[in-house]
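So the structure is just underneath, and the comments pick up after that.
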Amino acid sequence: MLRRCVGCGLCLPHCATWAETGNETHSPRGRLLLLGDMLEDPNPETQASYAEAFDLCIGCRACETACPGGVPFSLLEYGQSLVAPHMEKPSAATAFLSRQLDSRIFLSLLGSFGRGMRTVLKWGWGTTWRRRLDDAPLGADNLVRLLGSMPVAPRNNEELVAQLDRLVGMSSQIHKSLPTSGSPHDVAFFMGCANEGLLPASSRRLLAVLEATGHRLHFLENQECCGALAAHTGRPGTAVRLQQANIQSMASLQDDEMPVVLEAAGCGLQMKNYGPDFQDRIVDATVLLGDLLLPFKREVPLKVVYHDPCHARHGQGIYQEPRNILKQIPGLQLVEPLESEMCCGSGGAWGLHHQEMSERLGRRKARHLRLSGADLVVTSNPGCLGQIADGLAMEAPGLPILPLGDLLWYALLTHPIN
């Protein structure tokens, strides 16, 4: 598999860490060369000297998409496993936090705390609070970064409608239910710990969109975290336990072939790897909606830029579907940013372990989104939502970002009031 790499370098412009440092060892090509060295000389000293190069890999898989030779990303994962004993250990606080990210209760408490703190900071410094605290004293900077990158979205429908009405220059009437179309199709919905814990209102709006497009929803009983964060933070036993619980939960559905729909790309990639039976059964919400003619009636005259989550675009090959959805909204103009294929620098727990580089990558992404000329940024993954929001707060405080489902829900409202 290593011989598939011909050293062409086409992967380099797609690699976020190489784009940030310009260091060949921080590129996919460089890491593959280091892996070859380790296989030829498998001693701890060699592994220790190469640990940083593999530790900095975000795991976005953009290199796999760009590679003309079909070099699999699993090679880089194998390299990471070889150097894992030699990687620098995160601080106790970072390790604790990263191990709690798959707890809905913890995320809900964290979300409440974060919203309260952000409200206080906005009250004191307005929308530029993040910029003002960019040079926070050592120790407080990590807390500021955490607050800035926490995924947030409007907590109720009225708040969302007011925000988008201001953007489009219209006023809307909110109804208890959206208009429906199409014959019912049974689907199960996987909540996901981050969306349920941090973005519950956005999840409810996406459910309303699914129902409005003719889907009869079933909810998995006793569902757990998908296991992705446990796998990425060195807890393989926990990941297996969560996987088994979710497989058992899906087995309890009356139809053992019923599609299981979810909104977080990281969850989708993890659950597709549960086994061959789940490759086609696990469906991203953008894929489910992307092939439909959606009942949009109102105009949304905005320039919108969509950010592709890496685990959707590179991990699952999802690219055209969300764009097909957005192009159906009357009046909406879809624009594309520079480096659209490049990671925003979140990477789940990676962003916690490499906060300085993660922040720089988030700001790089924000600059490109601002230069697209968009009025609104949308994405479909909670980690990307928070990461880009933090970057925009530094680079373009006036440019808002929302979950894709929130914009779709708004576009499905009836005509605005004259």
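So you can find residues: chains in the structure tokens are A, B, ... in the order shown, residues in each start at 1, and ligands are numbered from 1 in order.
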From stretch 142-388 of chain A, collect each residue whose DSSP state is alpha helix (DSSP H) and return the set as a compact mmCIF listing (two decimals) with N, CA and C atoms, in the first residue's frame.
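The resulting selection_0.txt:
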```txt
# COMPACT_ATOMS: atom_id res chain seq x y z
N ASN A 142 -7.35 29.34 27.34
CA ASN A 142 -8.00 28.09 26.98
C ASN A 142 -9.50 28.14 27.22
N LEU A 143 -9.90 28.78 28.32
CA LEU A 143 -11.33 28.92 28.61
C LEU A 143 -12.01 29.80 27.58
N VAL A 144 -11.35 30.89 27.19
CA VAL A 144 -11.91 31.78 26.17
C VAL A 144 -12.07 31.04 24.85
N ARG A 145 -11.06 30.26 24.48
CA ARG A 145 -11.11 29.47 23.26
C ARG A 145 -12.26 28.46 23.31
N LEU A 146 -12.44 27.82 24.46
CA LEU A 146 -13.53 26.85 24.62
C LEU A 146 -14.87 27.52 24.48
N LEU A 147 -15.05 28.69 25.11
CA LEU A 147 -16.31 29.41 25.01
C LEU A 147 -16.58 29.85 23.57
N GLY A 148 -15.53 30.31 22.90
CA GLY A 148 -15.72 30.80 21.53
C GLY A 148 -16.07 29.71 20.55
N ASN A 157 -37.60 28.93 18.04
CA ASN A 157 -37.95 29.26 16.66
C ASN A 157 -38.05 30.76 16.42
N GLU A 158 -38.59 31.47 17.41
CA GLU A 158 -38.77 32.91 17.26
C GLU A 158 -37.41 33.62 17.10
N GLU A 159 -36.42 33.17 17.86
CA GLU A 159 -35.10 33.77 17.77
C GLU A 159 -34.48 33.53 16.39
N LEU A 160 -34.64 32.31 15.88
CA LEU A 160 -34.10 32.01 14.55
C LEU A 160 -34.80 32.84 13.47
N VAL A 161 -36.12 32.90 13.54
CA VAL A 161 -36.88 33.66 12.53
C VAL A 161 -36.49 35.13 12.57
N ALA A 162 -36.34 35.68 13.77
CA ALA A 162 -35.95 37.09 13.87
C ALA A 162 -34.58 37.33 13.26
N GLN A 163 -33.64 36.40 13.49
CA GLN A 163 -32.30 36.57 12.93
C GLN A 163 -32.31 36.53 11.41
N LEU A 164 -33.01 35.55 10.84
CA LEU A 164 -33.03 35.43 9.39
C LEU A 164 -33.91 36.48 8.74
N ASP A 165 -34.97 36.90 9.41
CA ASP A 165 -35.79 38.00 8.88
C ASP A 165 -34.97 39.27 8.72
N ARG A 166 -34.09 39.52 9.70
CA ARG A 166 -33.23 40.71 9.59
C ARG A 166 -32.31 40.61 8.39
N LEU A 167 -31.81 39.40 8.11
CA LEU A 167 -30.90 39.22 6.99
C LEU A 167 -31.60 39.41 5.65
N VAL A 168 -32.81 38.86 5.53
CA VAL A 168 -33.50 38.90 4.24
C VAL A 168 -34.38 40.15 4.09
N CYS A 193 -24.89 12.66 20.55
CA CYS A 193 -24.75 13.32 21.85
C CYS A 193 -24.48 14.82 21.72
N ALA A 194 -23.67 15.26 20.74
CA ALA A 194 -23.35 16.68 20.62
C ALA A 194 -24.58 17.49 20.21
N ASN A 195 -25.34 17.00 19.24
CA ASN A 195 -26.53 17.73 18.80
C ASN A 195 -27.59 17.77 19.88
N GLU A 196 -27.81 16.63 20.54
CA GLU A 196 -28.83 16.58 21.58
C GLU A 196 -28.41 17.41 22.80
N GLY A 197 -27.12 17.38 23.14
CA GLY A 197 -26.67 18.09 24.32
C GLY A 197 -26.48 19.57 24.12
N LEU A 198 -25.98 19.99 22.94
CA LEU A 198 -25.63 21.39 22.71
C LEU A 198 -26.59 22.12 21.78
N PRO A 200 -30.16 21.24 20.93
CA PRO A 200 -31.44 20.52 20.91
C PRO A 200 -32.50 21.20 20.06
N ALA A 201 -32.55 22.53 20.06
CA ALA A 201 -33.57 23.24 19.26
C ALA A 201 -33.33 23.02 17.77
N SER A 202 -32.07 23.02 17.35
CA SER A 202 -31.76 22.78 15.93
C SER A 202 -32.13 21.36 15.54
N SER A 203 -31.92 20.41 16.44
CA SER A 203 -32.32 19.03 16.15
C SER A 203 -33.82 18.93 15.97
N ARG A 204 -34.58 19.64 16.81
CA ARG A 204 -36.04 19.61 16.67
C ARG A 204 -36.47 20.22 15.34
N ARG A 205 -35.79 21.27 14.91
CA ARG A 205 -36.16 21.87 13.63
C ARG A 205 -35.83 20.94 12.46
N LEU A 206 -34.72 20.22 12.55
CA LEU A 206 -34.42 19.25 11.49
C LEU A 206 -35.47 18.14 11.46
N LEU A 207 -35.91 17.70 12.63
CA LEU A 207 -36.97 16.69 12.67
C LEU A 207 -38.23 17.21 12.00
N ALA A 208 -38.54 18.48 12.21
CA ALA A 208 -39.72 19.07 11.56
C ALA A 208 -39.54 19.10 10.05
N VAL A 209 -38.32 19.37 9.58
CA VAL A 209 -38.05 19.35 8.15
C VAL A 209 -38.24 17.95 7.58
N LEU A 210 -37.75 16.95 8.28
CA LEU A 210 -37.91 15.58 7.81
C LEU A 210 -39.38 15.19 7.75
N GLU A 211 -40.15 15.58 8.75
CA GLU A 211 -41.58 15.27 8.73
C GLU A 211 -42.28 16.02 7.61
N ALA A 212 -41.88 17.27 7.37
CA ALA A 212 -42.50 18.06 6.31
C ALA A 212 -42.22 17.50 4.93
N ALA A 228 -17.37 7.52 18.34
CA ALA A 228 -16.25 8.13 17.61
C ALA A 228 -15.27 8.82 18.56
N LEU A 229 -15.80 9.60 19.50
CA LEU A 229 -14.92 10.34 20.40
C LEU A 229 -14.15 9.40 21.32
N ALA A 230 -14.78 8.32 21.74
CA ALA A 230 -14.07 7.34 22.57
C ALA A 230 -12.93 6.71 21.79
N ALA A 231 -13.19 6.39 20.53
CA ALA A 231 -12.14 5.79 19.69
C ALA A 231 -10.99 6.75 19.47
N HIS A 232 -11.30 8.04 19.34
CA HIS A 232 -10.27 9.05 19.04
C HIS A 232 -9.51 9.51 20.28
N PRO A 236 -10.70 2.41 23.29
CA PRO A 236 -11.31 1.45 22.36
C PRO A 236 -12.36 0.57 23.01
N GLY A 237 -12.17 0.22 24.28
CA GLY A 237 -13.16 -0.62 24.96
C GLY A 237 -14.49 0.08 25.08
N THR A 238 -14.45 1.36 25.42
CA THR A 238 -15.69 2.14 25.51
C THR A 238 -16.35 2.27 24.15
N ALA A 239 -15.55 2.47 23.11
CA ALA A 239 -16.10 2.60 21.76
C ALA A 239 -16.84 1.32 21.35
N VAL A 240 -16.26 0.18 21.67
CA VAL A 240 -16.90 -1.10 21.33
C VAL A 240 -18.20 -1.27 22.12
N ARG A 241 -18.18 -0.90 23.39
CA ARG A 241 -19.39 -1.02 24.21
C ARG A 241 -20.51 -0.15 23.66
N LEU A 242 -20.19 1.08 23.28
CA LEU A 242 -21.20 1.98 22.71
C LEU A 242 -21.72 1.46 21.38
N GLN A 243 -20.82 0.92 20.58
CA GLN A 243 -21.22 0.35 19.29
C GLN A 243 -22.21 -0.79 19.49
N GLN A 244 -21.90 -1.68 20.40
CA GLN A 244 -22.78 -2.83 20.65
C GLN A 244 -24.14 -2.38 21.15
N ALA A 245 -24.17 -1.35 21.99
CA ALA A 245 -25.45 -0.84 22.49
C ALA A 245 -26.29 -0.26 21.36
N ASN A 246 -25.65 0.45 20.43
CA ASN A 246 -26.39 1.05 19.32
C ASN A 246 -26.87 -0.02 18.34
N ILE A 247 -26.06 -1.03 18.11
CA ILE A 247 -26.49 -2.12 17.24
C ILE A 247 -27.71 -2.82 17.83
N GLN A 248 -27.69 -3.02 19.14
CA GLN A 248 -28.83 -3.63 19.80
C GLN A 248 -30.05 -2.73 19.72
N SER A 249 -29.83 -1.42 19.83
CA SER A 249 -30.94 -0.48 19.73
C SER A 249 -31.56 -0.51 18.34
N MET A 250 -30.73 -0.58 17.30
CA MET A 250 -31.26 -0.65 15.94
C MET A 250 -31.95 -1.97 15.67
N ALA A 251 -31.50 -3.04 16.33
CA ALA A 251 -32.13 -4.35 16.17
C ALA A 251 -33.54 -4.38 16.74
N ALA A 265 -21.90 14.43 10.82
CA ALA A 265 -21.12 13.63 9.88
C ALA A 265 -20.17 12.67 10.59
N GLY A 266 -19.61 13.09 11.73
CA GLY A 266 -18.71 12.21 12.47
C GLY A 266 -19.40 10.96 12.95
N CYS A 267 -20.65 11.11 13.40
CA CYS A 267 -21.44 9.95 13.81
C CYS A 267 -21.68 9.02 12.63
N GLY A 268 -22.02 9.62 11.48
CA GLY A 268 -22.30 8.80 10.30
C GLY A 268 -21.12 7.96 9.88
N LEU A 269 -19.92 8.55 9.84
CA LEU A 269 -18.74 7.80 9.44
C LEU A 269 -18.45 6.68 10.43
N GLN A 270 -18.56 6.98 11.72
CA GLN A 270 -18.29 5.97 12.74
C GLN A 270 -19.28 4.80 12.64
N MET A 271 -20.55 5.11 12.45
CA MET A 271 -21.58 4.06 12.44
C MET A 271 -21.57 3.26 11.15
N LYS A 272 -21.14 3.85 10.05
CA LYS A 272 -20.97 3.08 8.83
C LYS A 272 -19.89 2.02 8.99
N ALA A 285 -28.55 13.06 6.91
CA ALA A 285 -29.79 13.78 6.59
C ALA A 285 -29.68 14.53 5.27
N THR A 286 -28.50 15.03 4.93
CA THR A 286 -28.35 15.74 3.66
C THR A 286 -28.51 14.81 2.47
N VAL A 287 -28.10 13.56 2.64
CA VAL A 287 -28.26 12.57 1.56
C VAL A 287 -29.73 12.21 1.41
N LEU A 288 -30.42 12.04 2.54
CA LEU A 288 -31.84 11.70 2.50
C LEU A 288 -32.64 12.80 1.81
N LEU A 289 -32.32 14.06 2.11
CA LEU A 289 -33.07 15.18 1.55
C LEU A 289 -32.56 15.61 0.18
N GLY A 290 -31.30 15.27 -0.13
CA GLY A 290 -30.68 15.78 -1.34
C GLY A 290 -31.28 15.25 -2.63
N CYS A 310 -15.55 17.44 7.09
CA CYS A 310 -14.60 16.50 6.49
C CYS A 310 -15.11 15.06 6.51
N HIS A 311 -15.76 14.67 7.61
CA HIS A 311 -16.24 13.30 7.72
C HIS A 311 -17.42 13.03 6.80
N ALA A 312 -18.01 14.10 6.24
CA ALA A 312 -19.02 13.94 5.20
C ALA A 312 -18.36 13.91 3.83
N ARG A 313 -17.62 14.97 3.50
CA ARG A 313 -17.05 15.10 2.15
C ARG A 313 -15.98 14.04 1.88
N GLN A 320 -22.39 16.77 -3.24
CA GLN A 320 -23.39 17.43 -4.05
C GLN A 320 -24.74 17.55 -3.36
N GLU A 321 -25.05 16.61 -2.48
CA GLU A 321 -26.39 16.55 -1.87
C GLU A 321 -26.77 17.84 -1.14
N PRO A 322 -25.96 18.36 -0.22
CA PRO A 322 -26.38 19.61 0.45
C PRO A 322 -26.50 20.78 -0.52
N ARG A 323 -25.69 20.79 -1.56
CA ARG A 323 -25.78 21.86 -2.55
C ARG A 323 -27.06 21.72 -3.37
N ASN A 324 -27.47 20.49 -3.66
CA ASN A 324 -28.74 20.29 -4.36
C ASN A 324 -29.90 20.85 -3.55
N ILE A 325 -29.85 20.66 -2.24
CA ILE A 325 -30.91 21.16 -1.37
C ILE A 325 -30.95 22.69 -1.41
N LEU A 326 -29.80 23.30 -1.21
CA LEU A 326 -29.75 24.77 -1.13
C LEU A 326 -30.16 25.42 -2.44
N LYS A 327 -29.80 24.80 -3.57
CA LYS A 327 -30.14 25.38 -4.87
C LYS A 327 -31.64 25.37 -5.13
N TRP A 350 -9.17 16.64 18.65
CA TRP A 350 -7.90 17.18 18.15
C TRP A 350 -7.78 18.66 18.47
N GLY A 351 -8.86 19.40 18.28
CA GLY A 351 -8.82 20.83 18.53
C GLY A 351 -8.54 21.18 19.98
N LEU A 352 -8.94 20.30 20.90
CA LEU A 352 -8.65 20.52 22.32
C LEU A 352 -7.17 20.29 22.61
N HIS A 353 -6.58 19.31 21.94
CA HIS A 353 -5.18 18.95 22.19
C HIS A 353 -4.20 19.89 21.49
N GLN A 355 -4.71 23.46 20.57
CA GLN A 355 -5.58 24.64 20.53
C GLN A 355 -5.03 25.78 19.69
N GLU A 356 -3.74 26.02 19.75
CA GLU A 356 -3.19 27.16 19.00
C GLU A 356 -3.30 26.93 17.49
N MET A 357 -2.91 25.75 17.03
CA MET A 357 -3.01 25.47 15.60
C MET A 357 -4.47 25.39 15.17
N SER A 358 -5.31 24.83 16.02
CA SER A 358 -6.72 24.74 15.70
C SER A 358 -7.32 26.12 15.52
N GLU A 359 -6.96 27.06 16.40
CA GLU A 359 -7.48 28.42 16.27
C GLU A 359 -6.99 29.07 14.97
N ARG A 360 -5.73 28.88 14.62
CA ARG A 360 -5.22 29.47 13.38
C ARG A 360 -5.94 28.90 12.16
N LEU A 361 -6.20 27.61 12.18
CA LEU A 361 -6.90 26.99 11.05
C LEU A 361 -8.35 27.48 10.98
N GLY A 362 -8.97 27.67 12.12
CA GLY A 362 -10.33 28.20 12.13
C GLY A 362 -10.40 29.60 11.57
N ARG A 363 -9.40 30.42 11.89
CA ARG A 363 -9.37 31.78 11.36
C ARG A 363 -9.07 31.78 9.86
N ARG A 364 -8.23 30.86 9.42
CA ARG A 364 -7.95 30.73 7.98
C ARG A 364 -9.23 30.40 7.23
N LYS A 365 -9.99 29.43 7.77
CA LYS A 365 -11.26 29.06 7.14
C LYS A 365 -12.22 30.25 7.14
N ALA A 366 -12.27 30.98 8.24
CA ALA A 366 -13.19 32.12 8.34
C ALA A 366 -12.85 33.20 7.31
N ARG A 367 -11.57 33.43 7.09
CA ARG A 367 -11.18 34.45 6.10
C ARG A 367 -11.67 34.06 4.71
N HIS A 368 -11.54 32.80 4.35
CA HIS A 368 -12.00 32.36 3.03
C HIS A 368 -13.52 32.45 2.92
N LEU A 369 -14.22 32.14 3.99
CA LEU A 369 -15.68 32.24 3.96
C LEU A 369 -16.11 33.69 3.82
N ARG A 370 -15.40 34.60 4.49
CA ARG A 370 -15.72 36.03 4.37
C ARG A 370 -15.48 36.52 2.95
N LEU A 371 -14.38 36.08 2.34
CA LEU A 371 -14.04 36.53 1.00
C LEU A 371 -14.98 35.97 -0.06
N PRO A 382 -21.78 19.68 14.25
CA PRO A 382 -21.66 20.59 15.40
C PRO A 382 -20.24 21.06 15.66
N GLY A 383 -19.25 20.19 15.49
CA GLY A 383 -17.87 20.60 15.72
C GLY A 383 -17.44 21.70 14.76
N CYS A 384 -17.79 21.54 13.49
CA CYS A 384 -17.48 22.58 12.49
C CYS A 384 -18.21 23.88 12.82
N LEU A 385 -19.45 23.77 13.26
CA LEU A 385 -20.26 24.95 13.59
C LEU A 385 -19.56 25.80 14.64
N GLY A 386 -19.10 25.17 15.73
CA GLY A 386 -18.44 25.92 16.79
C GLY A 386 -17.09 26.46 16.36
N GLN A 387 -16.32 25.63 15.68
CA GLN A 387 -14.98 26.04 15.24
C GLN A 387 -15.03 27.24 14.31
N ILE A 388 -15.92 27.19 13.34
CA ILE A 388 -16.01 28.29 12.37
C ILE A 388 -16.61 29.53 13.02
```
Exercise for the section: Might you pull out every residue within 12 Å of A:Val335, with only C-alpha atoms counted and same-chain residues fewer than 2 positions away left off, and present them as a list of chain:residue names? Expected result: A:Leu302, A:Lys303, A:Val304, A:Val305, A:Tyr306, A:His307, A:Arg323, A:Leu326, A:Lys327, A:Leu332, A:Gln333, A:Pro337, A:Leu338, A:Ser340, A:His368, A:Leu369, A:Arg370, A:Leu371, A:Ser372, A:Gly373, A:Ala374, A:Asp375, A:Leu376, A:Val377, A:Val378
Near A:Cys11, counting only C-alpha atoms, which residues have an atom at most 10 Å away, once you skip same-chain residues fewer than 4 positions from it, shown as a PDB file with N, CA and C atoms, in the first residue's frame?
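Okay, this is what ended up in out.pdb:
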```pdb
ATOM      1  N   GLY A   7       4.624   9.989  -4.621  1.00  0.00           N
ATOM      2  CA  GLY A   7       5.269  11.242  -4.229  1.00  0.00           C
ATOM      3  C   GLY A   7       4.890  12.435  -5.072  1.00  0.00           C
ATOM      4  N   CYS A  15      -4.077  19.438   2.680  1.00  0.00           N
ATOM      5  CA  CYS A  15      -3.766  19.081   4.067  1.00  0.00           C
ATOM      6  C   CYS A  15      -3.685  20.351   4.906  1.00  0.00           C
ATOM      7  N   TRP A  18      -0.230  20.897   6.807  1.00  0.00           N
ATOM      8  CA  TRP A  18       0.851  21.323   5.914  1.00  0.00           C
ATOM      9  C   TRP A  18       0.645  22.780   5.478  1.00  0.00           C
ATOM     10  N   SER A  27       2.816  16.795   6.273  1.00  0.00           N
ATOM     11  CA  SER A  27       1.993  16.519   5.096  1.00  0.00           C
ATOM     12  C   SER A  27       1.736  15.023   4.997  1.00  0.00           C
ATOM     13  N   PRO A  28       0.707  14.609   4.245  1.00  0.00           N
ATOM     14  CA  PRO A  28       0.472  13.173   4.062  1.00  0.00           C
ATOM     15  C   PRO A  28       1.666  12.471   3.423  1.00  0.00           C
ATOM     16  N   ARG A  29       2.257  13.090   2.410  1.00  0.00           N
ATOM     17  CA  ARG A  29       3.411  12.481   1.749  1.00  0.00           C
ATOM     18  C   ARG A  29       4.559  12.294   2.735  1.00  0.00           C
ATOM     19  N   ALA A  62      -8.755  14.395   3.848  1.00  0.00           N
ATOM     20  CA  ALA A  62      -8.713  15.136   2.590  1.00  0.00           C
ATOM     21  C   ALA A  62      -7.651  14.573   1.658  1.00  0.00           C
ATOM     22  N   CYS A  63      -6.577  14.038   2.226  1.00  0.00           N
ATOM     23  CA  CYS A  63      -5.516  13.450   1.408  1.00  0.00           C
ATOM     24  C   CYS A  63      -6.019  12.237   0.638  1.00  0.00           C
ATOM     25  N   GLU A  64      -6.887  11.464   1.272  1.00  0.00           N
ATOM     26  CA  GLU A  64      -7.428  10.264   0.638  1.00  0.00           C
ATOM     27  C   GLU A  64      -8.277  10.637  -0.571  1.00  0.00           C
ATOM     28  N   THR A  65      -9.059  11.718  -0.442  1.00  0.00           N
ATOM     29  CA  THR A  65      -9.884  12.186  -1.555  1.00  0.00           C
ATOM     30  C   THR A  65      -9.025  12.694  -2.704  1.00  0.00           C
ATOM     31  N   ALA A  66      -7.921  13.373  -2.381  1.00  0.00           N
ATOM     32  CA  ALA A  66      -7.086  13.997  -3.410  1.00  0.00           C
ATOM     33  C   ALA A  66      -6.142  13.017  -4.097  1.00  0.00           C
ATOM     34  N   CYS A  67      -5.850  11.893  -3.469  1.00  0.00           N
ATOM     35  CA  CYS A  67      -4.808  10.992  -3.973  1.00  0.00           C
ATOM     36  C   CYS A  67      -5.224  10.271  -5.256  1.00  0.00           C
ATOM     37  N   PRO A  68      -4.487  10.450  -6.350  1.00  0.00           N
ATOM     38  CA  PRO A  68      -4.831   9.747  -7.595  1.00  0.00           C
ATOM     39  C   PRO A  68      -4.447   8.275  -7.564  1.00  0.00           C
TER      40      PRO A  68
END
```
Practice task
Mind giving me the straight-line distance from atom CA of A:Met191 to atom CA of A:Cys60 in Å, one decimal?
Solution key: 22.6 Å
Fill in the blank from the handout: From the list A:Ala349, A:Ala16, A:Val260, A:Leu178, the nearest residue to A:Gly234 using only C-alpha atoms is A:Ala349
Fill in the blank from the handout: Judged by only C-alpha atoms, the minimum distance to A:Tyr78 among A:Leu39, A:Ala92, A:Val300, A:Val283 is found for A:Leu39
Exercise for the section: Determine the nearest neighbour of A:Ile282 from the options A:His354, A:Pro309, A:Ala264, A:Arg130, counting only C-alpha atoms. Expected result: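 Closest residue, counting only C-alpha atoms: A:Ala264.
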Practice task
Considering only C-alpha atoms, state which residue in the set A:Asn156, A:Arg235, A:Met150, A:Glu299 is at the smallest distance from A:Asp390.
Solution key: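 Comparing A:Asn156, A:Arg235, A:Met150, A:Glu299 against A:Asp390, the winner is A:Met150.
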Problem - Distance in Å - atom CA of A:Gly124 versus atom CA of A:Leu199 - result: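 We find that atom CA of A:Gly124 and atom CA of A:Leu199 lie 24.8 Å from each other.
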Practice task
Would you return as a list of chain:residue names the members of stretch 198-271 of chain A that DSSP assigns to strand (DSSP E or B) on this structure's backbone?
Solution key: A:His215, A:Arg216, A:Leu217, A:His218, A:Phe219, A:Val260, A:Val261, A:Leu262
Output C-alpha atoms for every residue in that selection, as a PDB file, in the first residue's frame.
```pdb
ATOM      1  CA  HIS A 215     -40.818  11.017   6.564  1.00  0.00           C
ATOM      2  CA  ARG A 216     -42.445   9.145   9.418  1.00  0.00           C
ATOM      3  CA  LEU A 217     -39.935   9.228  12.258  1.00  0.00           C
ATOM      4  CA  HIS A 218     -39.040   6.448  14.672  1.00  0.00           C
ATOM      5  CA  PHE A 219     -36.644   6.983  17.559  1.00  0.00           C
ATOM      6  CA  VAL A 260     -31.161   5.258  10.316  1.00  0.00           C
ATOM      7  CA  VAL A 261     -30.826   9.008   9.695  1.00  0.00           C
ATOM      8  CA  LEU A 262     -28.449  11.337  11.538  1.00  0.00           C
TER       9      LEU A 262
END
```
Practice task
Between A:Met258, A:Cys57, A:Thr21, A:Thr119, single out the one closest to A:His185, counting only C-alpha atoms.
Solution key: A:Met258
Practice task
Work out how far apart atom CA of A:Ser252 and atom CA of A:Thr180 are and give it in Å to one decimal.
Solution key: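 Computed distance, atom CA of A:Ser252 to atom CA of A:Thr180, equals 28.2 Å.
Distances to A:Glu88 were evaluated for A:Ala51, A:Gly317, A:Gly111, A:Met117 using only C-alpha atoms, and the minimum falls at A:Ala51.
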